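Asks: Contents are compact mmCIF, N, CA and C atoms; file name entry19.txt:
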# COMPACT_ATOMS: atom_id res chain seq x y z
N MET H 1 0.86 -1.17 0.00
CA MET H 1 0.00 0.00 0.00
C MET H 1 0.90 1.24 0.00
N MET H 2 0.56 2.18 -0.82
CA MET H 2 1.34 3.41 -0.93
C MET H 2 0.76 4.46 0.01
N LYS H 3 1.63 5.02 0.84
CA LYS H 3 1.22 6.08 1.76
C LYS H 3 2.17 7.25 1.60
N PHE H 4 1.61 8.43 1.54
CA PHE H 4 2.41 9.63 1.41
C PHE H 4 2.51 10.33 2.75
N ASN H 5 3.70 10.85 3.07
CA ASN H 5 3.83 11.68 4.25
C ASN H 5 3.82 13.14 3.80
N LYS H 6 3.94 14.05 4.74
CA LYS H 6 3.84 15.47 4.42
C LYS H 6 4.93 15.91 3.44
N ARG H 7 6.14 15.38 3.61
CA ARG H 7 7.24 15.72 2.70
C ARG H 7 6.93 15.24 1.28
N ASP H 8 6.38 14.03 1.16
CA ASP H 8 5.99 13.51 -0.15
C ASP H 8 4.92 14.40 -0.79
N SER H 9 3.98 14.84 0.03
CA SER H 9 2.90 15.70 -0.46
C SER H 9 3.45 17.00 -1.02
N LYS H 10 4.42 17.58 -0.33
CA LYS H 10 5.01 18.83 -0.81
C LYS H 10 5.74 18.61 -2.14
N LYS H 11 6.44 17.49 -2.25
CA LYS H 11 7.12 17.16 -3.51
C LYS H 11 6.09 16.99 -4.62
N MET H 12 4.98 16.34 -4.30
CA MET H 12 3.93 16.11 -5.28
C MET H 12 3.34 17.43 -5.76
N LEU H 13 3.11 18.35 -4.84
CA LEU H 13 2.58 19.66 -5.22
C LEU H 13 3.54 20.39 -6.16
N LYS H 14 4.84 20.31 -5.85
CA LYS H 14 5.84 20.95 -6.72
C LYS H 14 5.85 20.33 -8.11
N GLU H 15 5.74 19.01 -8.17
CA GLU H 15 5.75 18.32 -9.46
C GLU H 15 4.50 18.65 -10.27
N VAL H 16 3.35 18.68 -9.64
CA VAL H 16 2.11 19.05 -10.33
C VAL H 16 2.22 20.47 -10.85
N ALA H 17 2.75 21.36 -10.03
CA ALA H 17 2.93 22.76 -10.46
C ALA H 17 3.84 22.83 -11.68
N ARG H 18 4.95 22.09 -11.64
CA ARG H 18 5.89 22.09 -12.77
C ARG H 18 5.22 21.55 -14.03
N LEU H 19 4.50 20.45 -13.90
CA LEU H 19 3.86 19.83 -15.07
C LEU H 19 2.77 20.71 -15.67
N ARG H 20 2.09 21.48 -14.83
CA ARG H 20 0.99 22.33 -15.31
C ARG H 20 1.44 23.75 -15.63
N GLY H 21 2.69 24.07 -15.35
CA GLY H 21 3.18 25.41 -15.61
C GLY H 21 2.58 26.44 -14.66
N LEU H 22 2.33 26.02 -13.43
CA LEU H 22 1.74 26.90 -12.42
C LEU H 22 2.70 27.04 -11.25
N SER H 23 2.39 27.96 -10.36
CA SER H 23 3.17 28.06 -9.13
C SER H 23 2.59 27.07 -8.12
N VAL H 24 3.39 26.73 -7.12
CA VAL H 24 2.93 25.82 -6.08
C VAL H 24 1.73 26.43 -5.35
N SER H 25 1.76 27.73 -5.14
CA SER H 25 0.64 28.37 -4.44
C SER H 25 -0.66 28.29 -5.27
N GLN H 26 -0.55 28.34 -6.59
CA GLN H 26 -1.73 28.19 -7.43
C GLN H 26 -2.30 26.78 -7.32
N VAL H 27 -1.43 25.78 -7.33
CA VAL H 27 -1.87 24.39 -7.20
C VAL H 27 -2.49 24.17 -5.82
N ARG H 28 -1.83 24.67 -4.77
CA ARG H 28 -2.39 24.56 -3.43
C ARG H 28 -3.77 25.22 -3.36
N GLY H 29 -3.91 26.38 -3.99
CA GLY H 29 -5.19 27.08 -4.00
C GLY H 29 -6.27 26.28 -4.70
N GLN H 30 -5.93 25.65 -5.81
CA GLN H 30 -6.91 24.83 -6.53
C GLN H 30 -7.34 23.63 -5.69
N ILE H 31 -6.38 23.00 -5.03
CA ILE H 31 -6.71 21.85 -4.18
C ILE H 31 -7.54 22.31 -2.99
N GLN H 32 -7.17 23.44 -2.39
CA GLN H 32 -7.93 23.94 -1.25
C GLN H 32 -9.36 24.28 -1.66
N ASP H 33 -9.55 24.82 -2.86
CA ASP H 33 -10.90 25.09 -3.36
C ASP H 33 -11.69 23.80 -3.50
N ALA H 34 -11.05 22.74 -4.00
CA ALA H 34 -11.72 21.44 -4.15
C ALA H 34 -12.07 20.85 -2.78
N ILE H 35 -11.18 21.03 -1.80
CA ILE H 35 -11.44 20.54 -0.45
C ILE H 35 -12.65 21.27 0.14
N THR H 36 -12.68 22.58 -0.02
CA THR H 36 -13.81 23.38 0.49
C THR H 36 -15.11 22.97 -0.19
N GLU H 37 -15.05 22.74 -1.48
CA GLU H 37 -16.24 22.31 -2.23
C GLU H 37 -16.73 20.96 -1.71
N ALA H 38 -15.81 20.03 -1.48
CA ALA H 38 -16.19 18.71 -0.97
C ALA H 38 -16.78 18.82 0.44
N ARG H 39 -16.17 19.65 1.25
CA ARG H 39 -16.64 19.82 2.63
C ARG H 39 -18.05 20.41 2.68
N ASN H 40 -18.37 21.28 1.73
CA ASN H 40 -19.67 21.96 1.70
C ASN H 40 -20.65 21.33 0.73
N SER H 41 -20.36 20.13 0.27
CA SER H 41 -21.20 19.45 -0.71
C SER H 41 -22.61 19.19 -0.16
N ASN H 42 -23.58 19.18 -1.06
CA ASN H 42 -24.95 18.85 -0.69
C ASN H 42 -25.19 17.34 -0.75
N ASP H 43 -24.24 16.59 -1.31
CA ASP H 43 -24.35 15.14 -1.42
C ASP H 43 -24.09 14.50 -0.05
N PRO H 44 -25.08 13.84 0.52
CA PRO H 44 -24.91 13.26 1.86
C PRO H 44 -23.80 12.21 1.92
N ASP H 45 -23.62 11.44 0.85
CA ASP H 45 -22.55 10.45 0.83
C ASP H 45 -21.17 11.11 0.88
N GLN H 46 -21.02 12.18 0.11
CA GLN H 46 -19.76 12.91 0.09
C GLN H 46 -19.50 13.57 1.44
N GLN H 47 -20.52 14.13 2.03
CA GLN H 47 -20.38 14.74 3.36
C GLN H 47 -19.98 13.69 4.40
N ALA H 48 -20.59 12.52 4.35
CA ALA H 48 -20.28 11.46 5.31
C ALA H 48 -18.83 11.00 5.15
N GLU H 49 -18.39 10.85 3.92
CA GLU H 49 -17.00 10.42 3.68
C GLU H 49 -16.02 11.47 4.16
N PHE H 50 -16.31 12.74 3.89
CA PHE H 50 -15.43 13.82 4.35
C PHE H 50 -15.39 13.83 5.88
N GLN H 51 -16.54 13.68 6.50
CA GLN H 51 -16.63 13.67 7.97
C GLN H 51 -15.84 12.49 8.54
N ARG H 52 -15.94 11.34 7.89
CA ARG H 52 -15.22 10.15 8.35
C ARG H 52 -13.71 10.36 8.30
N LEU H 53 -13.25 11.00 7.23
CA LEU H 53 -11.81 11.20 7.06
C LEU H 53 -11.25 12.34 7.90
N PHE H 54 -12.00 13.45 8.00
CA PHE H 54 -11.43 14.67 8.58
C PHE H 54 -12.19 15.23 9.78
N GLY H 55 -13.30 14.63 10.14
CA GLY H 55 -14.08 15.16 11.26
C GLY H 55 -14.61 16.54 10.90
N ASN H 56 -14.53 17.46 11.83
CA ASN H 56 -15.03 18.81 11.60
C ASN H 56 -13.96 19.77 11.12
N SER H 57 -12.75 19.27 10.90
CA SER H 57 -11.66 20.16 10.48
C SER H 57 -11.56 20.22 8.96
N THR H 58 -10.94 21.27 8.49
CA THR H 58 -10.66 21.42 7.06
C THR H 58 -9.16 21.22 6.87
N PRO H 59 -8.77 20.16 6.15
CA PRO H 59 -7.34 19.86 6.01
C PRO H 59 -6.64 20.80 5.04
N THR H 60 -5.33 20.89 5.21
CA THR H 60 -4.51 21.57 4.22
C THR H 60 -4.37 20.62 3.02
N PRO H 61 -3.93 21.12 1.87
CA PRO H 61 -3.72 20.21 0.73
C PRO H 61 -2.76 19.06 1.08
N GLU H 62 -1.71 19.34 1.83
CA GLU H 62 -0.76 18.29 2.20
C GLU H 62 -1.42 17.25 3.10
N GLU H 63 -2.19 17.71 4.08
CA GLU H 63 -2.90 16.78 4.96
C GLU H 63 -3.91 15.95 4.17
N PHE H 64 -4.59 16.59 3.24
CA PHE H 64 -5.57 15.89 2.41
C PHE H 64 -4.91 14.76 1.63
N ILE H 65 -3.79 15.06 0.99
CA ILE H 65 -3.07 14.06 0.19
C ILE H 65 -2.64 12.89 1.09
N CYS H 66 -2.08 13.19 2.25
CA CYS H 66 -1.63 12.13 3.17
C CYS H 66 -2.79 11.25 3.60
N LYS H 67 -3.86 11.86 4.06
CA LYS H 67 -5.00 11.11 4.60
C LYS H 67 -5.69 10.29 3.51
N VAL H 68 -5.91 10.88 2.36
CA VAL H 68 -6.60 10.17 1.29
C VAL H 68 -5.73 9.02 0.76
N SER H 69 -4.42 9.24 0.69
CA SER H 69 -3.53 8.17 0.20
C SER H 69 -3.58 6.96 1.13
N ARG H 70 -3.81 7.19 2.40
CA ARG H 70 -3.89 6.08 3.36
C ARG H 70 -5.19 5.29 3.22
N SER H 71 -6.22 5.92 2.66
CA SER H 71 -7.50 5.23 2.54
C SER H 71 -7.67 4.55 1.18
N LEU H 72 -6.72 4.75 0.26
CA LEU H 72 -6.80 4.10 -1.06
C LEU H 72 -6.41 2.64 -0.95
N LYS H 73 -7.11 1.82 -1.72
CA LYS H 73 -6.80 0.40 -1.78
C LYS H 73 -6.56 0.03 -3.24
N PHE H 74 -5.43 -0.60 -3.49
CA PHE H 74 -5.08 -0.99 -4.87
C PHE H 74 -5.24 -2.47 -5.04
If you took the structure in this file and wrote it as C-alpha cells, what would it be?

Replies:
Amino acid sequence: MMKFNKRDSKKMLKEVARLRGLSVSQVRGQIQDAITEARNSNDPDQQAEFQRLFGNSTPTPEEFICKVSRSLKF
C-alpha cells in the first residue's frame, strides 16, 4: 500500500505545479478550493465520507493528500 507523508505531499505539489506550468501556491489554492467544495457538498454520501476522514476540520492540501492516500486500496 502506498502512503504519502507530508514531505511527499510537498514534492507532489511541486511536481504538479511544474507539469501544469503553475506556481505551487496556485496548485495549493486549486486543491484547497476542491477541499472546500467537498466539505460543503450537498451530497450526503460525500459529506459522510469527508466527515469520516477529517471530522469537523478542514485539512490543508498536504494533509488531504496524506490522509486520502492512506485510505486508497489498490

Asks: Mind listing the helix (DSSP H, G or I) residues of chain H, per DSSP on the backbone, as a PyMOL selection string?

Replies: chain H and resi 6-20+24-39+44-54+61-71

Asks: Can those selected residues be exported to a file as a short mmCIF file (atom, residue, chain, number, x, y, z; two decimals), in the frame of the given file so that it contains N, CA and C atoms?

Replies:
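The result, stored in selection_14.cif:
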data_model
loop_
_atom_site.label_atom_id
_atom_site.label_comp_id
_atom_site.auth_asym_id
_atom_site.auth_seq_id
_atom_site.Cartn_x
_atom_site.Cartn_y
_atom_site.Cartn_z
N LYS H 6 3.94 14.05 4.74
CA LYS H 6 3.84 15.47 4.42
C LYS H 6 4.93 15.91 3.44
N ARG H 7 6.14 15.38 3.61
CA ARG H 7 7.24 15.72 2.70
C ARG H 7 6.93 15.24 1.28
N ASP H 8 6.38 14.03 1.16
CA ASP H 8 5.99 13.51 -0.15
C ASP H 8 4.92 14.40 -0.79
N SER H 9 3.98 14.84 0.03
CA SER H 9 2.90 15.70 -0.46
C SER H 9 3.45 17.00 -1.02
N LYS H 10 4.42 17.58 -0.33
CA LYS H 10 5.01 18.83 -0.81
C LYS H 10 5.74 18.61 -2.14
N LYS H 11 6.44 17.49 -2.25
CA LYS H 11 7.12 17.16 -3.51
C LYS H 11 6.09 16.99 -4.62
N MET H 12 4.98 16.34 -4.30
CA MET H 12 3.93 16.11 -5.28
C MET H 12 3.34 17.43 -5.76
N LEU H 13 3.11 18.35 -4.84
CA LEU H 13 2.58 19.66 -5.22
C LEU H 13 3.54 20.39 -6.16
N LYS H 14 4.84 20.31 -5.85
CA LYS H 14 5.84 20.95 -6.72
C LYS H 14 5.85 20.33 -8.11
N GLU H 15 5.74 19.01 -8.17
CA GLU H 15 5.75 18.32 -9.46
C GLU H 15 4.50 18.65 -10.27
N VAL H 16 3.35 18.68 -9.64
CA VAL H 16 2.11 19.05 -10.33
C VAL H 16 2.22 20.47 -10.85
N ALA H 17 2.75 21.36 -10.03
CA ALA H 17 2.93 22.76 -10.46
C ALA H 17 3.84 22.83 -11.68
N ARG H 18 4.95 22.09 -11.64
CA ARG H 18 5.89 22.09 -12.77
C ARG H 18 5.22 21.55 -14.03
N LEU H 19 4.50 20.45 -13.90
CA LEU H 19 3.86 19.83 -15.07
C LEU H 19 2.77 20.71 -15.67
N ARG H 20 2.09 21.48 -14.83
CA ARG H 20 0.99 22.33 -15.31
C ARG H 20 1.44 23.75 -15.63
N VAL H 24 3.39 26.73 -7.12
CA VAL H 24 2.93 25.82 -6.08
C VAL H 24 1.73 26.43 -5.35
N SER H 25 1.76 27.73 -5.14
CA SER H 25 0.64 28.37 -4.44
C SER H 25 -0.66 28.29 -5.27
N GLN H 26 -0.55 28.34 -6.59
CA GLN H 26 -1.73 28.19 -7.43
C GLN H 26 -2.30 26.78 -7.32
N VAL H 27 -1.43 25.78 -7.33
CA VAL H 27 -1.87 24.39 -7.20
C VAL H 27 -2.49 24.17 -5.82
N ARG H 28 -1.83 24.67 -4.77
CA ARG H 28 -2.39 24.56 -3.43
C ARG H 28 -3.77 25.22 -3.36
N GLY H 29 -3.91 26.38 -3.99
CA GLY H 29 -5.19 27.08 -4.00
C GLY H 29 -6.27 26.28 -4.70
N GLN H 30 -5.93 25.65 -5.81
CA GLN H 30 -6.91 24.83 -6.53
C GLN H 30 -7.34 23.63 -5.69
N ILE H 31 -6.38 23.00 -5.03
CA ILE H 31 -6.71 21.85 -4.18
C ILE H 31 -7.54 22.31 -2.99
N GLN H 32 -7.17 23.44 -2.39
CA GLN H 32 -7.93 23.94 -1.25
C GLN H 32 -9.36 24.28 -1.66
N ASP H 33 -9.55 24.82 -2.86
CA ASP H 33 -10.90 25.09 -3.36
C ASP H 33 -11.69 23.80 -3.50
N ALA H 34 -11.05 22.74 -4.00
CA ALA H 34 -11.72 21.44 -4.15
C ALA H 34 -12.07 20.85 -2.78
N ILE H 35 -11.18 21.03 -1.80
CA ILE H 35 -11.44 20.54 -0.45
C ILE H 35 -12.65 21.27 0.14
N THR H 36 -12.68 22.58 -0.02
CA THR H 36 -13.81 23.38 0.49
C THR H 36 -15.11 22.97 -0.19
N GLU H 37 -15.05 22.74 -1.48
CA GLU H 37 -16.24 22.31 -2.23
C GLU H 37 -16.73 20.96 -1.71
N ALA H 38 -15.81 20.03 -1.48
CA ALA H 38 -16.19 18.71 -0.97
C ALA H 38 -16.78 18.82 0.44
N ARG H 39 -16.17 19.65 1.25
CA ARG H 39 -16.64 19.82 2.63
C ARG H 39 -18.05 20.41 2.68
N PRO H 44 -25.08 13.84 0.52
CA PRO H 44 -24.91 13.26 1.86
C PRO H 44 -23.80 12.21 1.92
N ASP H 45 -23.62 11.44 0.85
CA ASP H 45 -22.55 10.45 0.83
C ASP H 45 -21.17 11.11 0.88
N GLN H 46 -21.02 12.18 0.11
CA GLN H 46 -19.76 12.91 0.09
C GLN H 46 -19.50 13.57 1.44
N GLN H 47 -20.52 14.13 2.03
CA GLN H 47 -20.38 14.74 3.36
C GLN H 47 -19.98 13.69 4.40
N ALA H 48 -20.59 12.52 4.35
CA ALA H 48 -20.28 11.46 5.31
C ALA H 48 -18.83 11.00 5.15
N GLU H 49 -18.39 10.85 3.92
CA GLU H 49 -17.00 10.42 3.68
C GLU H 49 -16.02 11.47 4.16
N PHE H 50 -16.31 12.74 3.89
CA PHE H 50 -15.43 13.82 4.35
C PHE H 50 -15.39 13.83 5.88
N GLN H 51 -16.54 13.68 6.50
CA GLN H 51 -16.63 13.67 7.97
C GLN H 51 -15.84 12.49 8.54
N ARG H 52 -15.94 11.34 7.89
CA ARG H 52 -15.22 10.15 8.35
C ARG H 52 -13.71 10.36 8.30
N LEU H 53 -13.25 11.00 7.23
CA LEU H 53 -11.81 11.20 7.06
C LEU H 53 -11.25 12.34 7.90
N PHE H 54 -12.00 13.45 8.00
CA PHE H 54 -11.43 14.67 8.58
C PHE H 54 -12.19 15.23 9.78
N PRO H 61 -3.93 21.12 1.87
CA PRO H 61 -3.72 20.21 0.73
C PRO H 61 -2.76 19.06 1.08
N GLU H 62 -1.71 19.34 1.83
CA GLU H 62 -0.76 18.29 2.20
C GLU H 62 -1.42 17.25 3.10
N GLU H 63 -2.19 17.71 4.08
CA GLU H 63 -2.90 16.78 4.96
C GLU H 63 -3.91 15.95 4.17
N PHE H 64 -4.59 16.59 3.24
CA PHE H 64 -5.57 15.89 2.41
C PHE H 64 -4.91 14.76 1.63
N ILE H 65 -3.79 15.06 0.99
CA ILE H 65 -3.07 14.06 0.19
C ILE H 65 -2.64 12.89 1.09
N CYS H 66 -2.08 13.19 2.25
CA CYS H 66 -1.63 12.13 3.17
C CYS H 66 -2.79 11.25 3.60
N LYS H 67 -3.86 11.86 4.06
CA LYS H 67 -5.00 11.11 4.60
C LYS H 67 -5.69 10.29 3.51
N VAL H 68 -5.91 10.88 2.36
CA VAL H 68 -6.60 10.17 1.29
C VAL H 68 -5.73 9.02 0.76
N SER H 69 -4.42 9.24 0.69
CA SER H 69 -3.53 8.17 0.20
C SER H 69 -3.58 6.96 1.13
N ARG H 70 -3.81 7.19 2.40
CA ARG H 70 -3.89 6.08 3.36
C ARG H 70 -5.19 5.29 3.22
N SER H 71 -6.22 5.92 2.66
CA SER H 71 -7.50 5.23 2.54
C SER H 71 -7.67 4.55 1.18
#

Asks: Show me, as a ChimeraX atom specification, the residues that have an atom within 9 Å of Ser9 in chain H when counting only C-alpha atoms, minus same-chain residues fewer than 5 positions from it.

Replies: /H:4,14,61-66

Asks: Do a neighbour search on Val27 in chain H at 8 Å with only N, CA and C atoms, toss out local chain neighbours closer than 2 positions, and write the hits as a list in words.

Replies: Leu13, Lys14, Val16, Ala17, Leu22, Ser23, Val24, Ser25, Gly29, Gln30, Ile31, Gln32, Asp33 and Pro61 of chain H

Asks: Quick one: distance from atom N of Leu72 in chain H to atom N of Ala38 in chain H in Å, one decimal?

Replies: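 Going from atom N of Leu72 in chain H over to atom N of Ala38 in chain H covers 17.9 Å.
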
Asks: What does the structure give for the distance between CA of Ala34 in chain H and CA of Leu19 in chain H, in Å to one decimal?

Replies: 19.1 Å

Asks: In Å to one decimal, how far is atom N of Asn40 in chain H from CA of Arg7 in chain H?

Replies: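 If I compute the distance from CA of Arg7 in chain H to atom N of Asn40 in chain H, I get 26.2 Å.
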